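Everything below concerns the one structure shown next.
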Amino acid sequence: MPPKSQDQADDKRQAAREVIDILQEISDLLNTDLDRTELSLCVSLIENGVNPDALATVIKDLRKETGSKRVGNAPAME
Amino acid sequence: MSNPARNPARGRRLDDALSQLVDGLTPALPISAIQDEDYSDAEEALAAAESRRHHALMERAWRILDTHASTNAPDPGSPAGLGGRRGSLAGTESINNAPDLIKRKLRRENVSPDKAVRFSNLYSRLLTQPVLSQKWGILFLLYKLSASDEPLEGGERSRSPLMDEAHLHNMLGKGGRPRRSTIIDSEDEGPAVSSSASQQHQRVLPVRMERQSSLRHDIDRDGVDQARRSSTEIPATRVDAGVNDRSSDEHVRAASPRPSSANPSTPAKFSGSVEHRLLRDLPFNLQGLSSSNLHFNSPSSLKLPSNLSAPITSLLNTLAEPCLLYKGLSVFVESEEGGLVNQSLRAAIAIELRAYLSLVATLEAEIRQALAAIGDGTEAQGVRKGGVTLKRCVVWTRDATMALRLMSLIVEEAQNKRGGQLISLIHGFSTSHGDPFVCAFAEKLLAHVTRPFYDMLRLWIYDGELSDPYKEFFVADPEFRPKTDPRRLATSVWEDKYKLDNDMLPSIITQEFAKKIFLIGKSLNFIRHGCGDSAWVEAYSKKASKELRYGDTATLEISIDEAYKTTMARLISLMNGKFNLFDHLKALKSYLLLGQGDFIALLMESLATNLDRPANSQYRHTLTAQLEHAIRASNAQYDTPEVLRRLDARMLELSHGEIGWDCFTLEYKIDAPVDVVITPWASTQYLKVFNFLWRIKRVEFALNSTWRRCMTGARGVLGNVEDKVGADWKRARCVIAEMIHFVNQLQYYILFEVIESSWEQLLEAIRRPDCTLDDLIEAHTKYLNSITHKGLLGSASSSRYGASTSTSAKQPEESFLSQLHQILKFMLAYKDAVDGLYSFSVAEFTRRQEINAKIETRSAQSQWGPTERDLLSRHSNTRTGTSMVSTPDVRPDSAGVDGINTPLSLSGPNLAADDNMLASLRVRLREISAEFRSRLTVLLGDLSYQPDVDMRFLGVVMNFNDVYELPKRRKAAGPSARDKEKEKEKEREREKAKRRAAASVAATWSGTESFVQKEVRRERRDTGANDPGFASGT
């Protein structure tokens, strides 16, 4: 039944979008500085079993890494 | 790079996601990054560099993840199952608590709870979503990542933010309350913080503390901040220091960013346990109860234990403030006395205190939770985990303390105030205080406090009732009526029933507005009680009444304006429609101010004979009968019976020897509620004007009748005696014409220039659409004043406003009235004299008729004309013998001088008495006319110096052809001019006399008949005495 599965898929997507919406709001409340894509990536990672603590460390690590570069190169960019 | 081998599919998905994430987080490499490397193809180089970097980052990420996987969770591949967490340590525990952690964090970092509330909502929504299985994990991730923005944008920061004054200052300056979201990366900052801050609670850094760095730093920062603040702030926090010390201690803080002197020697355990004990007791202390450590000595002092370290003591000092304030306020709340506004203030404060207590309750819950987490308080780590310290309590109670402080300030100042004053006091805080917190708080209080006030206001402007048991409203009902002037007995319902009390006027209502409100209520009250129209008032209040509240001033203004308009329109329409105010005013004008000419003329004519008699022979029934007659016969009969019913004629209080004219008065009866406008004062004014006008009218009437008589007489009676009194009559006519001119001008002036023009103004004022009863009363008073003032009755108008008019202005006005009365009196006297002259002329005429008749009969009998004997016999008939004998000798000489030059002077002896009378009449006429003239001149002189244009105009009208020579300067030249006038008059008289004498001589010589008669008379004088029968003999 393609239409039904289509519907189900739609429902699912709808639900997922809602969840992401909620999470996005929470993340804004907490000033996490994650955009929507990043947030959904994180969600999928955690859903797949990655330790959130570790993931947080990774993100911070990455930010620090690139952040210092970003700051350093800021004048040269654009 | 060690993907979980058991599940390659999932591993690959993980890998993809992670690499995407890495891409997302790493920015594109700038060209500059590869400038130094000498690649020919920049793009290729870039791609290569990026892929290299990506690779490196990926590797690093995986390594970190792996470390976690190995240490934290034995089975990271299947974390979905609960079993996967069996062995997890603090990290997993935190994951389970993630929502709580977030909530707490939000509550801690934000002043208002709304963010936490929002989070709770979102969280509950999230729970209903079936899609995710790892909700907590995600939340924990977010929590971990939360607020990691500051360091990123901070860029170059000093290693210890606390040492960085500029940064600190900036932070503090941003918004009175430092955001503690500044998170320091644990690797860099942890040691710096612990070394720089005053860590009273010495703690052993846990091995894995880095993981909780954000939380911990938060606490640390808090603690440091608090410690410093409390050490520097104490002198500034005084209850009576008002409410602006927030800025001042910020200043203090910014100025001395040095960490408070920690006492490093204090054993951690001791300090910790003391603090725990204090913390446990704190909720009770905050409710104003004594505890084992803190004891309330008296309602206003709190005893601190002496064996504490300085920082804790200072913290407790700060915390003691809300305790004491609360105690004081709760006493106030429980007290009873005071008016409605005081009670509402008490209620408002009680509400605030309840909010404060709920804060204390939350605080207590936090403290309990924290203490439970700590256990017996030996584990210092627990304190920070629980997150409750004395310092934090200080922060949490900070706003509450401000509110308490403000409230106790208000309570203190409100001690001797009530009602409007109290509202003004709080309103003063809300409008003229710079601190937005104070303003907002006072506004909040005002909303409660003004409720009873607005209830009263509502009752007042919609029902016209004053319900103010404690005298708090700004409209007062004066209990003791001030003793009014006994001369003005009636106190006006309108004027005196309510008073506006400016002391009680709250500053939320402007003066002008208050007047409006006052007028509305007063009018409603008057409509209800004075006009007996309570049905309308009730219907109106049912229809229009709406709730008034503090805050929406615009609505309030609109509703009050509406109420004002409706009420005033109703009142005016009642006055005009139901109570015929306008008709009454008109009737007063036409009857008392002589507007109805035919009626007045008729009344005067019919009453004239009656009124000439003495006052004590006047009877009321005759007067009313004449009045009735005058009404029936004139146009007044078409007036409404409502008006005519009120018209009455009566005598004023009799005083001996007066004639009816002086006492007669018309009266117009006014009853409630019209007497609000036409007050008793106004009625007496009307009476005064009427009496004055009546007098003028009477003089005019008298002069007119005299004039008529001499005009009609000139054709008959007077024509016959022209030769004897013709000149006198001529002069009298001149003077009477002068007088009539004067009276006419005076009447014209008063009736037209004064009354009519004032009436126009009154009409204009009354017909204005937004006219109120007050305007009406004022217009009417002005109308009367202008009439009495301009109508030369100035003294009357100054009786009420004596204070306002200066005595110098009053003096001439009073003299005007008396001058006018004098002049009128002279006119009447002159009229009497002229009447005397007339009767003399008539007597003369009849005598001549008689003589002529006798001559006729004699000639008919063919006898001689009238003989000596006839004259004598007639003489003896009228006079007594002795006087008759003596007079004849004297008379002829005097008669010659006096101008007895008429042919009839042959009747000599018996005419001598008449001549005497004539002479005295002449003198009298002359004197009166001279006096009249001089008085008039003085009056005109005074008038020409009047400030009022209309009064000057009267002078001009009377003297339009400059027949009267006015003195140049009133005061100095007045008497001399008068003398001169008199002298002139005398001179003129003398001249006239001379002329007359000359004329008489001429007449003597020319008239032979008179000569013969004279001869006859002389002959008779010689013989008549001896021979009485001579005439009859011949």
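Naming scheme: A, B, ... for chains in displayed order of the structure tokens; residues 1 onward per chain; ligands 1 onward as shown.
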
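Listed by chain and then by rising number, the residues of region 578-702 of chain B that DSSP assigns to strand (DSSP E or B) from the backbone are Pro614, Leu647, Asp648, Ala649, Arg650, Met651, Ile659, Phe664, Thr665, Leu666, Glu667 and Tyr668 of chain B.
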
Produce a file of the selected residues containing N, CA and C atoms, as a CSV table (one decimal), in the first residue's frame.
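And here is the file that came out, part-v6.csv:
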chain,number,residue,atom,x,y,z
B,614,PRO,N,-50.9,107.5,54.1
B,614,PRO,CA,-49.8,107.1,54.9
B,614,PRO,C,-49.7,105.5,54.9
B,647,LEU,N,-46.4,85.8,42.1
B,647,LEU,CA,-46.3,87.3,42.2
B,647,LEU,C,-47.2,87.8,43.4
B,648,ASP,N,-46.6,88.6,44.2
B,648,ASP,CA,-47.3,89.1,45.3
B,648,ASP,C,-47.0,90.5,45.6
B,649,ALA,N,-48.0,91.3,46.1
B,649,ALA,CA,-47.7,92.7,46.5
B,649,ALA,C,-47.8,92.8,48.0
B,650,ARG,N,-46.9,93.5,48.6
B,650,ARG,CA,-47.0,93.6,50.1
B,650,ARG,C,-46.3,94.9,50.5
B,651,MET,N,-46.4,95.2,51.7
B,651,MET,CA,-45.8,96.4,52.3
B,651,MET,C,-44.5,96.0,53.0
B,659,ILE,N,-45.4,107.4,53.6
B,659,ILE,CA,-46.6,107.2,52.9
B,659,ILE,C,-46.4,105.9,52.1
B,664,PHE,N,-44.4,100.2,49.5
B,664,PHE,CA,-45.0,99.2,48.6
B,664,PHE,C,-43.8,98.4,47.9
B,665,THR,N,-44.1,97.1,47.8
B,665,THR,CA,-43.1,96.4,47.0
B,665,THR,C,-43.8,95.2,46.4
B,666,LEU,N,-43.3,94.8,45.3
B,666,LEU,CA,-43.8,93.6,44.6
B,666,LEU,C,-42.8,92.5,45.1
B,667,GLU,N,-43.4,91.2,45.1
B,667,GLU,CA,-42.5,90.1,45.5
B,667,GLU,C,-42.7,89.0,44.5
B,668,TYR,N,-41.6,88.3,44.3
B,668,TYR,CA,-41.7,87.1,43.5
B,668,TYR,C,-41.2,85.9,44.3

Exercise. What lies within 9 Å of Leu34 (chain A) using only C-alpha atoms, ignoring chain neighbours under 5 positions off, as a PyMOL selection string?
Worked result: (chain A and resi 24+27-28+39) or (chain B and resi 142+145)

Go ahead and dump the residues you just picked, N, CA and C atoms, as an mmCIF file, in the first residue's frame.
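Just written: again-v8.cif:
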data_model
loop_
_atom_site.group_PDB
_atom_site.id
_atom_site.type_symbol
_atom_site.label_atom_id
_atom_site.label_comp_id
_atom_site.auth_asym_id
_atom_site.auth_seq_id
_atom_site.Cartn_x
_atom_site.Cartn_y
_atom_site.Cartn_z
ATOM 1 N N GLN A 24 15.364 22.230 19.199
ATOM 2 C CA GLN A 24 15.983 23.492 18.769
ATOM 3 C C GLN A 24 15.664 24.599 19.779
ATOM 4 N N SER A 27 17.599 24.103 22.840
ATOM 5 C CA SER A 27 19.003 24.423 22.604
ATOM 6 C C SER A 27 19.192 25.932 22.553
ATOM 7 N N ASP A 28 18.213 26.640 22.031
ATOM 8 C CA ASP A 28 18.298 28.106 22.048
ATOM 9 C C ASP A 28 18.240 28.623 23.466
ATOM 10 N N LEU A 39 22.203 20.041 15.003
ATOM 11 C CA LEU A 39 21.379 19.451 16.043
ATOM 12 C C LEU A 39 20.816 18.101 15.584
ATOM 13 N N LEU B 142 22.807 18.720 25.130
ATOM 14 C CA LEU B 142 22.520 20.153 25.056
ATOM 15 C C LEU B 142 22.986 20.837 26.324
ATOM 16 N N LEU B 145 26.574 21.304 26.215
ATOM 17 C CA LEU B 145 27.025 22.312 25.266
ATOM 18 C C LEU B 145 26.541 23.713 25.649
#

Compute the chain A side of the contact with chain B at 8 Å, counting only C-alpha atoms, and hand it back as a PDB file with N, CA and C atoms, in the first residue's frame.
ATOM      1  N   LYS A  12       5.845  10.247  10.123  1.00  0.00           N
ATOM      2  CA  LYS A  12       7.114  10.091  10.823  1.00  0.00           C
ATOM      3  C   LYS A  12       7.963  11.342  10.658  1.00  0.00           C
ATOM      4  N   ALA A  15       6.651  14.064  12.716  1.00  0.00           N
ATOM      5  CA  ALA A  15       6.992  13.889  14.127  1.00  0.00           C
ATOM      6  C   ALA A  15       8.443  14.258  14.366  1.00  0.00           C
ATOM      7  N   ALA A  16       9.288  13.794  13.457  1.00  0.00           N
ATOM      8  CA  ALA A  16      10.710  14.088  13.617  1.00  0.00           C
ATOM      9  C   ALA A  16      10.939  15.588  13.585  1.00  0.00           C
ATOM     10  N   VAL A  19       9.995  17.095  16.820  1.00  0.00           N
ATOM     11  CA  VAL A  19      10.989  16.845  17.855  1.00  0.00           C
ATOM     12  C   VAL A  19      12.169  17.787  17.699  1.00  0.00           C
ATOM     13  N   ILE A  22      11.344  21.182  18.889  1.00  0.00           N
ATOM     14  CA  ILE A  22      11.389  21.317  20.351  1.00  0.00           C
ATOM     15  C   ILE A  22      12.827  21.391  20.834  1.00  0.00           C
ATOM     16  N   LEU A  23      13.605  20.471  20.283  1.00  0.00           N
ATOM     17  CA  LEU A  23      14.999  20.435  20.727  1.00  0.00           C
ATOM     18  C   LEU A  23      15.711  21.729  20.363  1.00  0.00           C
ATOM     19  N   GLU A  25      14.432  24.597  20.212  1.00  0.00           N
ATOM     20  CA  GLU A  25      14.059  25.643  21.171  1.00  0.00           C
ATOM     21  C   GLU A  25      14.824  25.496  22.460  1.00  0.00           C
ATOM     22  N   ILE A  26      14.895  24.262  22.914  1.00  0.00           N
ATOM     23  CA  ILE A  26      15.646  24.036  24.159  1.00  0.00           C
ATOM     24  C   ILE A  26      17.091  24.459  23.973  1.00  0.00           C
ATOM     25  N   SER A  27      17.599  24.103  22.840  1.00  0.00           N
ATOM     26  CA  SER A  27      19.003  24.423  22.604  1.00  0.00           C
ATOM     27  C   SER A  27      19.192  25.932  22.553  1.00  0.00           C
ATOM     28  N   LEU A  29      17.371  28.013  24.233  1.00  0.00           N
ATOM     29  CA  LEU A  29      17.266  28.430  25.632  1.00  0.00           C
ATOM     30  C   LEU A  29      18.596  28.297  26.332  1.00  0.00           C
ATOM     31  N   LEU A  30      19.293  27.239  25.966  1.00  0.00           N
ATOM     32  CA  LEU A  30      20.545  26.948  26.677  1.00  0.00           C
ATOM     33  C   LEU A  30      21.761  27.553  26.004  1.00  0.00           C
ATOM     34  N   ASN A  31      21.532  28.273  24.936  1.00  0.00           N
ATOM     35  CA  ASN A  31      22.662  28.901  24.248  1.00  0.00           C
ATOM     36  C   ASN A  31      23.709  27.895  23.794  1.00  0.00           C
ATOM     37  N   THR A  32      23.275  26.819  23.185  1.00  0.00           N
ATOM     38  CA  THR A  32      24.282  25.827  22.803  1.00  0.00           C
ATOM     39  C   THR A  32      24.990  26.181  21.516  1.00  0.00           C
ATOM     40  N   ASP A  33      24.409  27.096  20.788  1.00  0.00           N
ATOM     41  CA  ASP A  33      25.070  27.549  19.570  1.00  0.00           C
ATOM     42  C   ASP A  33      25.108  26.468  18.485  1.00  0.00           C
ATOM     43  N   GLU A  38      23.205  20.698  12.578  1.00  0.00           N
ATOM     44  CA  GLU A  38      24.090  20.109  13.577  1.00  0.00           C
ATOM     45  C   GLU A  38      23.283  19.386  14.634  1.00  0.00           C
ATOM     46  N   LEU A  41      21.995  16.166  13.342  1.00  0.00           N
ATOM     47  CA  LEU A  41      23.104  15.205  13.261  1.00  0.00           C
ATOM     48  C   LEU A  41      23.392  14.620  14.632  1.00  0.00           C
ATOM     49  N   CYS A  42      23.471  15.506  15.609  1.00  0.00           N
ATOM     50  CA  CYS A  42      23.751  15.055  16.969  1.00  0.00           C
ATOM     51  C   CYS A  42      22.672  14.081  17.416  1.00  0.00           C
ATOM     52  N   VAL A  43      21.409  14.461  17.109  1.00  0.00           N
ATOM     53  CA  VAL A  43      20.311  13.586  17.519  1.00  0.00           C
ATOM     54  C   VAL A  43      20.485  12.202  16.915  1.00  0.00           C
ATOM     55  N   SER A  44      20.817  12.179  15.619  1.00  0.00           N
ATOM     56  CA  SER A  44      20.936  10.861  14.995  1.00  0.00           C
ATOM     57  C   SER A  44      22.116  10.094  15.583  1.00  0.00           C
ATOM     58  N   LEU A  45      23.176  10.794  15.869  1.00  0.00           N
ATOM     59  CA  LEU A  45      24.331  10.123  16.473  1.00  0.00           C
ATOM     60  C   LEU A  45      23.932   9.493  17.797  1.00  0.00           C
ATOM     61  N   ILE A  46      23.247  10.302  18.617  1.00  0.00           N
ATOM     62  CA  ILE A  46      22.925   9.793  19.942  1.00  0.00           C
ATOM     63  C   ILE A  46      21.905   8.666  19.837  1.00  0.00           C
ATOM     64  N   GLU A  47      20.972   8.828  18.913  1.00  0.00           N
ATOM     65  CA  GLU A  47      20.009   7.754  18.706  1.00  0.00           C
ATOM     66  C   GLU A  47      20.722   6.468  18.327  1.00  0.00           C
ATOM     67  N   ASN A  48      21.855   6.616  17.656  1.00  0.00           N
ATOM     68  CA  ASN A  48      22.594   5.441  17.239  1.00  0.00           C
ATOM     69  C   ASN A  48      23.579   4.961  18.285  1.00  0.00           C
ATOM     70  N   GLY A  49      23.504   5.492  19.423  1.00  0.00           N
ATOM     71  CA  GLY A  49      24.245   4.893  20.518  1.00  0.00           C
ATOM     72  C   GLY A  49      25.508   5.589  20.920  1.00  0.00           C
ATOM     73  N   VAL A  50      25.760   6.743  20.414  1.00  0.00           N
ATOM     74  CA  VAL A  50      26.975   7.436  20.839  1.00  0.00           C
ATOM     75  C   VAL A  50      26.743   8.021  22.226  1.00  0.00           C
ATOM     76  N   ASN A  51      27.733   7.969  23.012  1.00  0.00           N
ATOM     77  CA  ASN A  51      27.638   8.534  24.353  1.00  0.00           C
ATOM     78  C   ASN A  51      27.527  10.059  24.268  1.00  0.00           C
ATOM     79  N   PRO A  52      26.493  10.614  24.833  1.00  0.00           N
ATOM     80  CA  PRO A  52      26.314  12.072  24.718  1.00  0.00           C
ATOM     81  C   PRO A  52      27.425  12.869  25.361  1.00  0.00           C
ATOM     82  N   ASP A  53      27.899  12.363  26.463  1.00  0.00           N
ATOM     83  CA  ASP A  53      29.008  13.030  27.136  1.00  0.00           C
ATOM     84  C   ASP A  53      30.196  13.139  26.194  1.00  0.00           C
ATOM     85  N   ALA A  54      30.488  12.013  25.566  1.00  0.00           N
ATOM     86  CA  ALA A  54      31.624  11.982  24.660  1.00  0.00           C
ATOM     87  C   ALA A  54      31.387  12.900  23.461  1.00  0.00           C
ATOM     88  N   LEU A  55      30.176  12.846  22.958  1.00  0.00           N
ATOM     89  CA  LEU A  55      29.859  13.683  21.807  1.00  0.00           C
ATOM     90  C   LEU A  55      30.035  15.162  22.151  1.00  0.00           C
ATOM     91  N   ALA A  56      29.603  15.499  23.365  1.00  0.00           N
ATOM     92  CA  ALA A  56      29.767  16.886  23.790  1.00  0.00           C
ATOM     93  C   ALA A  56      31.232  17.257  23.803  1.00  0.00           C
ATOM     94  N   THR A  57      32.021  16.357  24.320  1.00  0.00           N
ATOM     95  CA  THR A  57      33.452  16.629  24.356  1.00  0.00           C
ATOM     96  C   THR A  57      33.992  16.816  22.947  1.00  0.00           C
ATOM     97  N   VAL A  58      33.550  15.956  22.050  1.00  0.00           N
ATOM     98  CA  VAL A  58      34.025  16.045  20.664  1.00  0.00           C
ATOM     99  C   VAL A  58      33.670  17.414  20.079  1.00  0.00           C
ATOM    100  N   ILE A  59      32.406  17.799  20.286  1.00  0.00           N
ATOM    101  CA  ILE A  59      31.977  19.061  19.687  1.00  0.00           C
ATOM    102  C   ILE A  59      32.773  20.230  20.253  1.00  0.00           C
ATOM    103  N   LYS A  60      32.952  20.174  21.556  1.00  0.00           N
ATOM    104  CA  LYS A  60      33.717  21.262  22.160  1.00  0.00           C
ATOM    105  C   LYS A  60      35.130  21.275  21.642  1.00  0.00           C
ATOM    106  N   LEU A  62      36.191  20.134  18.821  1.00  0.00           N
ATOM    107  CA  LEU A  62      36.217  20.638  17.457  1.00  0.00           C
ATOM    108  C   LEU A  62      36.083  22.159  17.427  1.00  0.00           C
ATOM    109  N   ARG A  63      35.206  22.607  18.260  1.00  0.00           N
ATOM    110  CA  ARG A  63      34.996  24.056  18.282  1.00  0.00           C
ATOM    111  C   ARG A  63      36.255  24.779  18.702  1.00  0.00           C
ATOM    112  N   LYS A  64      36.877  24.193  19.680  1.00  0.00           N
ATOM    113  CA  LYS A  64      38.091  24.851  20.165  1.00  0.00           C
ATOM    114  C   LYS A  64      39.146  24.862  19.065  1.00  0.00           C
ATOM    115  N   THR A  66      38.796  24.531  15.781  1.00  0.00           N
ATOM    116  CA  THR A  66      38.497  25.414  14.646  1.00  0.00           C
ATOM    117  C   THR A  66      38.256  26.842  15.107  1.00  0.00           C
ATOM    118  N   GLY A  67      37.747  26.949  16.331  1.00  0.00           N
ATOM    119  CA  GLY A  67      37.437  28.296  16.831  1.00  0.00           C
ATOM    120  C   GLY A  67      38.662  29.158  16.899  1.00  0.00           C
ATOM    121  N   SER A  68      39.723  28.612  17.452  1.00  0.00           N
ATOM    122  CA  SER A  68      40.940  29.421  17.576  1.00  0.00           C
ATOM    123  C   SER A  68      41.435  29.787  16.189  1.00  0.00           C
ATOM    124  N   ARG A  70      39.580  29.973  13.567  1.00  0.00           N
ATOM    125  CA  ARG A  70      38.622  30.922  12.991  1.00  0.00           C
ATOM    126  C   ARG A  70      38.933  32.348  13.453  1.00  0.00           C
ATOM    127  N   VAL A  71      39.172  32.418  14.751  1.00  0.00           N
ATOM    128  CA  VAL A  71      39.470  33.743  15.268  1.00  0.00           C
ATOM    129  C   VAL A  71      40.741  34.284  14.659  1.00  0.00           C
ATOM    130  N   ASN A  73      42.064  33.582  11.859  1.00  0.00           N
ATOM    131  CA  ASN A  73      41.983  33.903  10.438  1.00  0.00           C
ATOM    132  C   ASN A  73      40.866  34.874  10.105  1.00  0.00           C
ATOM    133  N   ALA A  76      41.263  37.609   7.590  1.00  0.00           N
ATOM    134  CA  ALA A  76      41.578  37.227   6.211  1.00  0.00           C
ATOM    135  C   ALA A  76      40.381  36.662   5.491  1.00  0.00           C
ATOM    136  N   MET A  77      39.391  36.268   6.239  1.00  0.00           N
ATOM    137  CA  MET A  77      38.254  35.621   5.577  1.00  0.00           C
ATOM    138  C   MET A  77      37.405  36.626   4.819  1.00  0.00           C
TER     139      MET A  77
END

Seminar exercise, completed: Using only C-alpha atoms, the shortest atom-to-atom distance to Met575 (chain B) among B:Glu50, B:Asp835, B:Asp675, B:Asp612 belongs to B:Asp675

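Across B:Ser273, B:Gln415, B:Thr362, B:Asn720, the tightest approach to Thr846 (chain B) is made by B:Asn720 when counting only C-alpha atoms.
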
Exercise. Region 16-74 of chain A: which residues are helix (DSSP H, G or I) by DSSP, as JSON, numbers by chain?
Worked result: {"A": [16, 17, 18, 19, 20, 21, 22, 23, 24, 25, 26, 27, 28, 29, 36, 37, 38, 39, 40, 41, 42, 43, 44, 45, 46, 47, 52, 53, 54, 55, 56, 57, 58, 59, 60, 61, 62, 63, 64, 65, 66, 67, 68, 69, 70, 71, 72, 73, 74]}

Restricting the output to C-alpha atoms, write the selected residues as a PDB file, in the first residue's frame.
ATOM      1  CA  ALA A  16      10.710  14.088  13.617  1.00  0.00           C
ATOM      2  CA  ARG A  17      10.424  17.690  12.570  1.00  0.00           C
ATOM      3  CA  GLU A  18       8.449  18.452  15.644  1.00  0.00           C
ATOM      4  CA  VAL A  19      10.989  16.845  17.855  1.00  0.00           C
ATOM      5  CA  ILE A  20      13.726  18.777  16.234  1.00  0.00           C
ATOM      6  CA  ASP A  21      11.706  21.934  16.671  1.00  0.00           C
ATOM      7  CA  ILE A  22      11.389  21.317  20.351  1.00  0.00           C
ATOM      8  CA  LEU A  23      14.999  20.435  20.727  1.00  0.00           C
ATOM      9  CA  GLN A  24      15.983  23.492  18.769  1.00  0.00           C
ATOM     10  CA  GLU A  25      14.059  25.643  21.171  1.00  0.00           C
ATOM     11  CA  ILE A  26      15.646  24.036  24.159  1.00  0.00           C
ATOM     12  CA  SER A  27      19.003  24.423  22.604  1.00  0.00           C
ATOM     13  CA  ASP A  28      18.298  28.106  22.048  1.00  0.00           C
ATOM     14  CA  LEU A  29      17.266  28.430  25.632  1.00  0.00           C
ATOM     15  CA  ARG A  36      19.443  22.918  13.025  1.00  0.00           C
ATOM     16  CA  THR A  37      21.552  20.597  10.889  1.00  0.00           C
ATOM     17  CA  GLU A  38      24.090  20.109  13.577  1.00  0.00           C
ATOM     18  CA  LEU A  39      21.379  19.451  16.043  1.00  0.00           C
ATOM     19  CA  SER A  40      19.747  16.803  13.902  1.00  0.00           C
ATOM     20  CA  LEU A  41      23.104  15.205  13.261  1.00  0.00           C
ATOM     21  CA  CYS A  42      23.751  15.055  16.969  1.00  0.00           C
ATOM     22  CA  VAL A  43      20.311  13.586  17.519  1.00  0.00           C
ATOM     23  CA  SER A  44      20.936  10.861  14.995  1.00  0.00           C
ATOM     24  CA  LEU A  45      24.331  10.123  16.473  1.00  0.00           C
ATOM     25  CA  ILE A  46      22.925   9.793  19.942  1.00  0.00           C
ATOM     26  CA  GLU A  47      20.009   7.754  18.706  1.00  0.00           C
ATOM     27  CA  PRO A  52      26.314  12.072  24.718  1.00  0.00           C
ATOM     28  CA  ASP A  53      29.008  13.030  27.136  1.00  0.00           C
ATOM     29  CA  ALA A  54      31.624  11.982  24.660  1.00  0.00           C
ATOM     30  CA  LEU A  55      29.859  13.683  21.807  1.00  0.00           C
ATOM     31  CA  ALA A  56      29.767  16.886  23.790  1.00  0.00           C
ATOM     32  CA  THR A  57      33.452  16.629  24.356  1.00  0.00           C
ATOM     33  CA  VAL A  58      34.025  16.045  20.664  1.00  0.00           C
ATOM     34  CA  ILE A  59      31.977  19.061  19.687  1.00  0.00           C
ATOM     35  CA  LYS A  60      33.717  21.262  22.160  1.00  0.00           C
ATOM     36  CA  ASP A  61      37.019  19.933  21.049  1.00  0.00           C
ATOM     37  CA  LEU A  62      36.217  20.638  17.457  1.00  0.00           C
ATOM     38  CA  ARG A  63      34.996  24.056  18.282  1.00  0.00           C
ATOM     39  CA  LYS A  64      38.091  24.851  20.165  1.00  0.00           C
ATOM     40  CA  GLU A  65      40.234  23.577  17.406  1.00  0.00           C
ATOM     41  CA  THR A  66      38.497  25.414  14.646  1.00  0.00           C
ATOM     42  CA  GLY A  67      37.437  28.296  16.831  1.00  0.00           C
ATOM     43  CA  SER A  68      40.940  29.421  17.576  1.00  0.00           C
ATOM     44  CA  LYS A  69      41.737  29.122  13.884  1.00  0.00           C
ATOM     45  CA  ARG A  70      38.622  30.922  12.991  1.00  0.00           C
ATOM     46  CA  VAL A  71      39.470  33.743  15.268  1.00  0.00           C
ATOM     47  CA  GLY A  72      42.984  33.804  14.069  1.00  0.00           C
ATOM     48  CA  ASN A  73      41.983  33.903  10.438  1.00  0.00           C
ATOM     49  CA  ALA A  74      39.007  36.071  10.868  1.00  0.00           C
TER      50      ALA A  74
END
